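*Asks:* Here you go, this is coords-v2.cif (mmCIF, C-alpha atoms).
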```
data_data
#
loop_
_atom_site.label_atom_id
_atom_site.label_comp_id
_atom_site.auth_asym_id
_atom_site.auth_seq_id
_atom_site.Cartn_x
_atom_site.Cartn_y
_atom_site.Cartn_z
CA MET U 1 -90.70 116.48 18.94
CA ASN U 2 -91.96 114.33 21.77
CA ILE U 3 -88.94 113.53 23.94
CA ALA U 4 -88.44 110.87 26.59
CA LEU U 5 -85.89 111.94 29.19
CA ILE U 6 -84.19 108.89 30.70
CA GLY U 7 -82.48 110.25 33.79
CA TYR U 8 -84.10 113.24 35.43
CA GLY U 9 -81.37 114.63 37.64
CA LYS U 10 -79.69 118.01 37.25
CA MET U 11 -78.69 117.25 33.67
CA GLY U 12 -82.15 115.98 32.75
CA LYS U 13 -83.77 119.10 34.14
CA ALA U 14 -81.35 121.32 32.19
CA ILE U 15 -82.17 119.40 28.99
CA GLU U 16 -85.88 119.80 29.69
CA GLN U 17 -85.54 123.57 29.97
CA ILE U 18 -83.63 123.88 26.68
CA ALA U 19 -85.91 121.44 24.86
CA VAL U 20 -89.03 123.38 25.86
CA GLN U 21 -87.35 126.61 24.72
CA HIS U 22 -86.83 124.92 21.34
CA GLY U 23 -90.54 124.13 21.10
CA HIS U 24 -90.35 120.44 22.02
CA HIS U 25 -92.53 118.46 24.42
CA ILE U 26 -91.19 116.29 27.24
CA ALA U 27 -93.57 113.35 26.94
CA LEU U 28 -91.93 111.17 29.60
CA LYS U 29 -89.48 111.60 32.45
CA ILE U 30 -87.78 108.42 33.66
CA ASN U 31 -85.97 108.16 36.98
CA SER U 32 -85.24 105.35 39.44
CA ALA U 33 -88.82 105.47 40.76
CA ASN U 34 -90.56 104.77 37.43
CA VAL U 35 -87.90 103.01 35.34
CA ASP U 36 -90.43 100.24 34.60
CA GLN U 37 -92.12 102.65 32.16
CA LEU U 38 -89.27 102.00 29.74
CA ASP U 39 -90.94 98.66 29.00
CA HIS U 40 -94.02 100.46 27.68
CA LEU U 41 -92.42 102.97 25.30
CA ASP U 42 -93.60 103.17 21.69
CA ASN U 43 -92.43 105.15 18.69
CA TYR U 44 -95.91 106.55 18.08
CA THR U 45 -95.79 108.77 21.16
CA ILE U 46 -92.00 109.19 21.51
CA ASP U 47 -89.87 110.67 18.72
CA VAL U 48 -86.51 110.43 20.48
CA ALA U 49 -85.05 109.45 23.84
CA ILE U 50 -82.26 111.33 25.59
CA GLU U 51 -80.38 109.12 28.06
CA PHE U 52 -78.23 110.54 30.88
CA THR U 53 -78.08 107.99 33.72
CA ASN U 54 -75.14 105.88 34.89
CA PRO U 55 -72.75 103.30 33.41
CA THR U 56 -74.51 100.31 35.00
CA SER U 57 -77.94 101.00 33.49
CA ALA U 58 -77.15 102.84 30.23
CA LYS U 59 -76.87 99.79 27.97
CA GLU U 60 -80.20 98.29 29.06
CA ASN U 61 -81.95 101.67 28.83
CA VAL U 62 -80.66 102.31 25.33
CA LEU U 63 -81.46 98.81 24.05
CA LYS U 64 -85.06 99.03 25.28
CA CYS U 65 -85.53 102.18 23.21
CA LEU U 66 -83.80 100.89 20.10
CA LYS U 67 -85.89 97.71 20.11
CA LYS U 68 -88.96 99.96 19.91
CA GLN U 69 -87.28 101.82 17.00
CA ILE U 70 -86.94 104.95 19.10
CA PRO U 71 -83.78 106.94 18.24
CA VAL U 72 -81.50 107.52 21.22
CA VAL U 73 -79.13 110.31 22.21
CA CYS U 74 -76.86 109.04 24.98
CA GLY U 75 -74.62 111.13 27.20
CA THR U 76 -73.75 108.48 29.80
CA THR U 77 -70.04 107.68 29.87
CA GLY U 78 -68.05 104.85 31.43
CA TRP U 79 -69.59 101.93 29.48
CA LYS U 80 -67.69 102.08 26.20
CA GLU U 81 -66.74 98.39 26.30
CA GLN U 82 -70.45 97.47 25.95
CA ILE U 83 -71.22 99.74 23.02
CA GLY U 84 -70.88 97.01 20.38
CA SER U 85 -74.22 95.39 21.21
CA VAL U 86 -75.94 98.78 20.98
CA GLU U 87 -74.45 99.44 17.55
CA LEU U 88 -75.66 96.03 16.37
CA ALA U 89 -79.15 96.75 17.72
CA THR U 90 -79.24 100.10 15.92
CA ALA U 91 -78.73 98.33 12.59
CA GLN U 92 -81.02 95.39 13.47
CA TYR U 93 -83.97 97.63 14.36
CA ASN U 94 -83.24 100.19 11.62
CA THR U 95 -83.11 103.20 13.89
CA ALA U 96 -80.56 105.81 15.04
CA PHE U 97 -78.12 106.16 17.91
CA LEU U 98 -75.84 109.03 18.86
CA ILE U 99 -73.42 108.90 21.75
CA ALA U 100 -70.94 111.53 22.88
CA SER U 101 -68.55 111.87 25.77
CA ASN U 102 -69.49 115.54 25.83
CA PHE U 103 -72.33 117.39 24.10
CA SER U 104 -71.02 120.91 24.63
CA ILE U 105 -70.48 122.80 21.39
CA GLY U 106 -67.40 124.41 22.93
CA VAL U 107 -65.94 121.05 23.97
CA ASN U 108 -66.47 119.61 20.50
CA LEU U 109 -64.63 122.58 19.03
CA PHE U 110 -61.99 121.90 21.69
CA PHE U 111 -61.74 118.31 20.40
CA GLU U 112 -60.91 119.64 16.96
CA LEU U 113 -58.27 121.96 18.42
CA ASN U 114 -56.81 119.13 20.50
CA SER U 115 -56.44 116.85 17.49
CA TYR U 116 -54.81 119.61 15.44
CA LEU U 117 -52.35 120.50 18.21
CA ALA U 118 -51.49 116.83 18.79
CA ASN U 119 -50.62 116.49 15.11
CA LEU U 120 -48.41 119.60 15.28
CA MET U 121 -46.60 118.32 18.39
CA ASN U 122 -45.96 114.79 17.14
CA ASN U 123 -42.41 115.54 15.99
CA TYR U 124 -41.39 117.34 19.20
CA ILE U 125 -40.59 114.43 21.49
CA GLU U 126 -38.95 116.67 24.09
CA TYR U 127 -42.42 117.67 25.29
CA THR U 128 -44.26 115.52 27.84
CA ILE U 129 -48.05 115.42 27.73
CA GLN U 130 -50.49 115.59 30.61
CA ILE U 131 -54.28 115.85 30.81
CA LYS U 132 -56.04 117.32 33.84
CA GLU U 133 -59.80 117.30 34.38
CA THR U 134 -61.93 118.70 37.20
CA HIS U 135 -65.59 117.84 37.86
CA HIS U 136 -68.18 118.01 40.62
CA THR U 137 -68.05 115.37 43.35
CA ALA U 138 -71.25 113.67 42.14
CA LYS U 139 -69.60 112.54 38.91
CA LYS U 140 -69.36 108.75 39.09
CA ASP U 141 -66.62 107.95 36.55
CA ALA U 142 -62.97 108.99 36.61
CA PRO U 143 -61.35 109.99 34.41
CA SER U 144 -64.20 111.67 32.59
CA GLY U 145 -65.30 110.41 29.20
CA THR U 146 -64.18 113.73 27.77
CA ALA U 147 -60.67 113.30 29.17
CA ILE U 148 -60.50 109.80 27.70
CA SER U 149 -61.65 111.12 24.32
CA LEU U 150 -58.96 113.81 24.45
CA ALA U 151 -56.31 111.21 25.29
CA GLU U 152 -57.44 108.90 22.50
CA GLN U 153 -57.29 111.77 20.02
CA ILE U 154 -53.70 112.49 21.02
CA ILE U 155 -52.76 108.81 20.77
CA GLU U 156 -54.14 108.73 17.21
CA GLN U 157 -51.80 111.58 16.24
CA ASN U 158 -48.74 110.65 18.31
CA GLU U 159 -46.26 107.95 17.24
CA ILE U 160 -44.96 107.39 20.80
CA LYS U 161 -48.08 107.47 22.97
CA LYS U 162 -49.95 104.15 23.10
CA HIS U 163 -52.22 104.32 26.17
CA TRP U 164 -53.65 106.63 28.83
CA HIS U 165 -53.49 106.09 32.60
CA LEU U 166 -55.32 107.58 35.58
CA GLY U 167 -52.59 109.09 37.75
CA ALA U 168 -48.89 109.72 37.36
CA THR U 169 -46.65 107.41 35.37
CA ASN U 170 -43.00 107.19 34.35
CA ASP U 171 -43.83 105.30 31.16
CA ASN U 172 -43.20 107.60 28.19
CA THR U 173 -45.72 105.69 26.06
CA ILE U 174 -48.58 106.52 28.42
CA ILE U 175 -50.50 109.79 28.78
CA PRO U 176 -51.23 110.49 32.47
CA ILE U 177 -54.67 111.87 33.36
CA GLU U 178 -55.24 113.70 36.62
CA ALA U 179 -58.90 113.63 37.74
CA LEU U 180 -60.01 116.05 40.46
CA ARG U 181 -63.45 116.12 42.07
CA GLU U 182 -64.55 119.34 43.74
CA ASP U 183 -67.79 121.30 43.89
CA PRO U 184 -69.39 123.07 42.18
CA ALA U 185 -67.18 122.54 39.08
CA PRO U 186 -69.31 121.52 36.04
CA GLY U 187 -66.22 120.52 34.05
CA THR U 188 -62.72 121.71 33.16
CA HIS U 189 -60.27 119.97 30.83
CA GLU U 190 -56.69 121.01 30.17
CA ILE U 191 -53.95 119.49 28.00
CA THR U 192 -50.39 120.59 28.68
CA TYR U 193 -47.24 119.94 26.67
CA SER U 194 -44.21 120.59 28.89
CA SER U 195 -40.49 120.89 28.18
CA ILE U 196 -37.56 122.31 30.11
CA ILE U 197 -37.91 125.45 27.99
CA ASP U 198 -41.64 126.14 28.00
CA ASP U 199 -45.21 124.86 28.35
CA ILE U 200 -48.03 124.87 25.81
CA SER U 201 -51.56 124.46 27.16
CA ILE U 202 -55.10 124.42 25.83
CA LYS U 203 -58.05 124.51 28.22
CA HIS U 204 -61.82 124.37 28.20
CA THR U 205 -63.88 125.43 31.22
CA ALA U 206 -67.64 124.96 31.41
CA HIS U 207 -69.50 127.56 33.49
CA ASN U 208 -72.76 125.61 33.78
CA ARG U 209 -74.69 122.65 32.31
CA ASN U 210 -76.50 124.69 29.68
CA GLY U 211 -73.89 124.00 27.01
CA PHE U 212 -74.21 120.24 27.51
CA ALA U 213 -78.02 120.46 27.51
CA LEU U 214 -78.13 122.52 24.34
CA GLY U 215 -75.86 120.06 22.55
CA ALA U 216 -78.04 117.13 23.60
CA VAL U 217 -81.16 118.84 22.24
CA LEU U 218 -79.40 119.71 18.97
CA ALA U 219 -78.35 116.05 18.70
CA ALA U 220 -81.95 114.90 19.22
CA GLU U 221 -83.14 117.30 16.50
CA TYR U 222 -80.42 116.01 14.17
CA LEU U 223 -81.54 112.37 14.55
CA GLN U 224 -85.01 113.00 13.16
CA ASN U 225 -85.58 110.83 10.06
CA LYS U 226 -82.06 109.40 10.21
CA LYS U 227 -80.82 105.83 10.49
CA GLY U 228 -77.42 104.71 11.74
CA ILE U 229 -74.67 105.60 14.21
CA PHE U 230 -73.75 109.25 14.68
CA THR U 231 -71.52 111.53 16.78
CA MET U 232 -71.53 115.19 17.72
CA LYS U 233 -69.13 115.78 14.84
CA ASP U 234 -72.00 114.89 12.51
CA VAL U 235 -74.29 117.32 14.32
CA LEU U 236 -71.92 120.29 14.45
CA PHE U 237 -70.07 119.94 11.17
CA GLN U 238 -72.88 118.68 8.93
CA LYS U 239 -72.77 120.01 5.41
#
```
Show the structure stored in the file as structure tokens.

*Replies:*
Amino acid sequence: MNIALIGYGKMGKAIEQIAVQHGHHIALKINSANVDQLDHLDNYTIDVAIEFTNPTSAKENVLKCLKKQIPVVCGTTGWKEQIGSVELATAQYNTAFLIASNFSIGVNLFFELNSYLANLMNNYIEYTIQIKETHHTAKKDAPSGTAISLAEQIIEQNEIKKHWHLGATNDNTIIPIEALREDPAPGTHEITYSSIIDDISIKHTAHNRNGFALGAVLAAEYLQNKKGIFTMKDVLFQK
């Protein structure tokens, strides 16, 4: 595949390394210095775009690709409220779009475990729930998209919890999320159920960016010859 990397920071460079190992070609690298090249993309020279930038530019970046019928894998978080227009554009231009709060294979397995545990714990109201996430200081959004996804999974399974909140809360219907920023942490997420008798915790710790990069490349490979909206669940649990 010919890949356009939109965002060429540490994550973009890690994706490049994995993509080349998989036999793909990085046809274009977009950063803040040459972002105008997005206006000249075409689906004859680019098979797929992988977008890892920031919440303020992600929507525009993705739409420019979709309008050229270039499938997009997007790992930028913090712009969920704008996703509707991107989904409409995916259908309008008959192409493909895949977004994930986390591309790590381990994290996506962790999502499955989290949902299962939340379902098991639904009837045990004596347990309080807390989510804690730790990332590097360069991460721009807090809480992380992964932490939000974990909270939303729990809310889907829990009859009492209705919302999540950054920081402590005394409201029993809200799941508190603690977000820490310290270097060089690539990402740790922990869910704890606490009672006066015991605690139950599940935790995922990333050791480097390679897991995220690999997942992004696998997602790009998955989108070939596909149309529609997809998630990492489609990529990892395809039949």

*Asks:* At a cut-off of 8 Å, using all atoms listed in the file, what residues contact range 144-156 of chain U? Leave out same-chain residues fewer than 4 positions from it and give the result as a ChimeraX atom specification.

*Replies:* /U:77-78,101-102,111,114-115,118-119,131-133,160-164,175,177,179,189

*Asks:* Convert the current residue selection to file output with C-alpha atoms, as a compact mmCIF listing (two decimals), in the frame of the given file.

*Replies:*
```
# COMPACT_ATOMS: atom_id res chain seq x y z
CA THR U 77 -70.04 107.68 29.87
CA GLY U 78 -68.05 104.85 31.43
CA SER U 101 -68.55 111.87 25.77
CA ASN U 102 -69.49 115.54 25.83
CA PHE U 111 -61.74 118.31 20.40
CA ASN U 114 -56.81 119.13 20.50
CA SER U 115 -56.44 116.85 17.49
CA ALA U 118 -51.49 116.83 18.79
CA ASN U 119 -50.62 116.49 15.11
CA ILE U 131 -54.28 115.85 30.81
CA LYS U 132 -56.04 117.32 33.84
CA GLU U 133 -59.80 117.30 34.38
CA ILE U 160 -44.96 107.39 20.80
CA LYS U 161 -48.08 107.47 22.97
CA LYS U 162 -49.95 104.15 23.10
CA HIS U 163 -52.22 104.32 26.17
CA TRP U 164 -53.65 106.63 28.83
CA ILE U 175 -50.50 109.79 28.78
CA ILE U 177 -54.67 111.87 33.36
CA ALA U 179 -58.90 113.63 37.74
CA HIS U 189 -60.27 119.97 30.83
```

*Asks:* Would you mind telling me which residue in U:Leu98, U:Leu120, U:Leu66, U:Ala91 lies nearest to Asp234 in chain U when using all atoms listed in the file?

*Replies:* U:Leu98

*Asks:* Looking at U:Ala216, U:Ile18, U:Ile129, U:Ile6, which one is nearest to Ala58 in chain U, with distances taken over all atoms listed in the file?

*Replies:*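 When distances to Ala58 in chain U are compared using all atoms listed in the file, the smallest one comes from U:Ile6.
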
*Asks:* With all atoms listed in the file as the atoms that count, which of U:Gln69, U:Gln37, U:Thr56, U:Ser104 lies nearest to Ala213 in chain U?

*Replies:*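 Result for the nearest residue to Ala213 in chain U: U:Ser104.
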
*Asks:* Using Å and a single decimal, report how far CA of Met121 in chain U sits from CA of Val235 in chain U.

*Replies:*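 Taking CA of Val235 in chain U and CA of Met121 in chain U, their separation equals 28.0 Å.
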
*Asks:* Could you list the residues chosen by the PyMOL selection byres ((chain U and resi 85) around 12) in this structure as a ChimeraX atom specification?

*Replies:* /U:59-60,62-63,66-67,79-84,86-92,97

*Asks:* Take the selection from the previous step and output its residues with C-alpha atoms, as a short mmCIF file (atom, residue, chain, number, x, y, z; two decimals), in the coordinates of the input.

*Replies:*
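Output file out.cif is given in full below:
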```
data_model
loop_
_atom_site.label_atom_id
_atom_site.label_comp_id
_atom_site.auth_asym_id
_atom_site.auth_seq_id
_atom_site.Cartn_x
_atom_site.Cartn_y
_atom_site.Cartn_z
CA LYS U 59 -76.87 99.79 27.97
CA GLU U 60 -80.20 98.29 29.06
CA VAL U 62 -80.66 102.31 25.33
CA LEU U 63 -81.46 98.81 24.05
CA LEU U 66 -83.80 100.89 20.10
CA LYS U 67 -85.89 97.71 20.11
CA TRP U 79 -69.59 101.93 29.48
CA LYS U 80 -67.69 102.08 26.20
CA GLU U 81 -66.74 98.39 26.30
CA GLN U 82 -70.45 97.47 25.95
CA ILE U 83 -71.22 99.74 23.02
CA GLY U 84 -70.88 97.01 20.38
CA VAL U 86 -75.94 98.78 20.98
CA GLU U 87 -74.45 99.44 17.55
CA LEU U 88 -75.66 96.03 16.37
CA ALA U 89 -79.15 96.75 17.72
CA THR U 90 -79.24 100.10 15.92
CA ALA U 91 -78.73 98.33 12.59
CA GLN U 92 -81.02 95.39 13.47
CA PHE U 97 -78.12 106.16 17.91
#
```

*Asks:* I need the residue nearest Ser57 in chain U from this list: U:Pro143, U:Gly228, U:Gly167, U:Gly7. Use all atoms listed in the file for the distance.

*Replies:*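 Among the listed residues, U:Gly7 lies closest to Ser57 in chain U.
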
*Asks:* Could you work out how far CA of Lys139 in chain U lies from CA of Val35 in chain U, giving the answer in Å with one decimal?

*Replies:* 20.9 Å

*Asks:* Please indicate the distance in Å from CA of Thr173 in chain U to CA of Glu159 in chain U, rounded to one decimal place.

*Replies:*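 Between CA of Thr173 in chain U and CA of Glu159 in chain U the gap is 9.1 Å.
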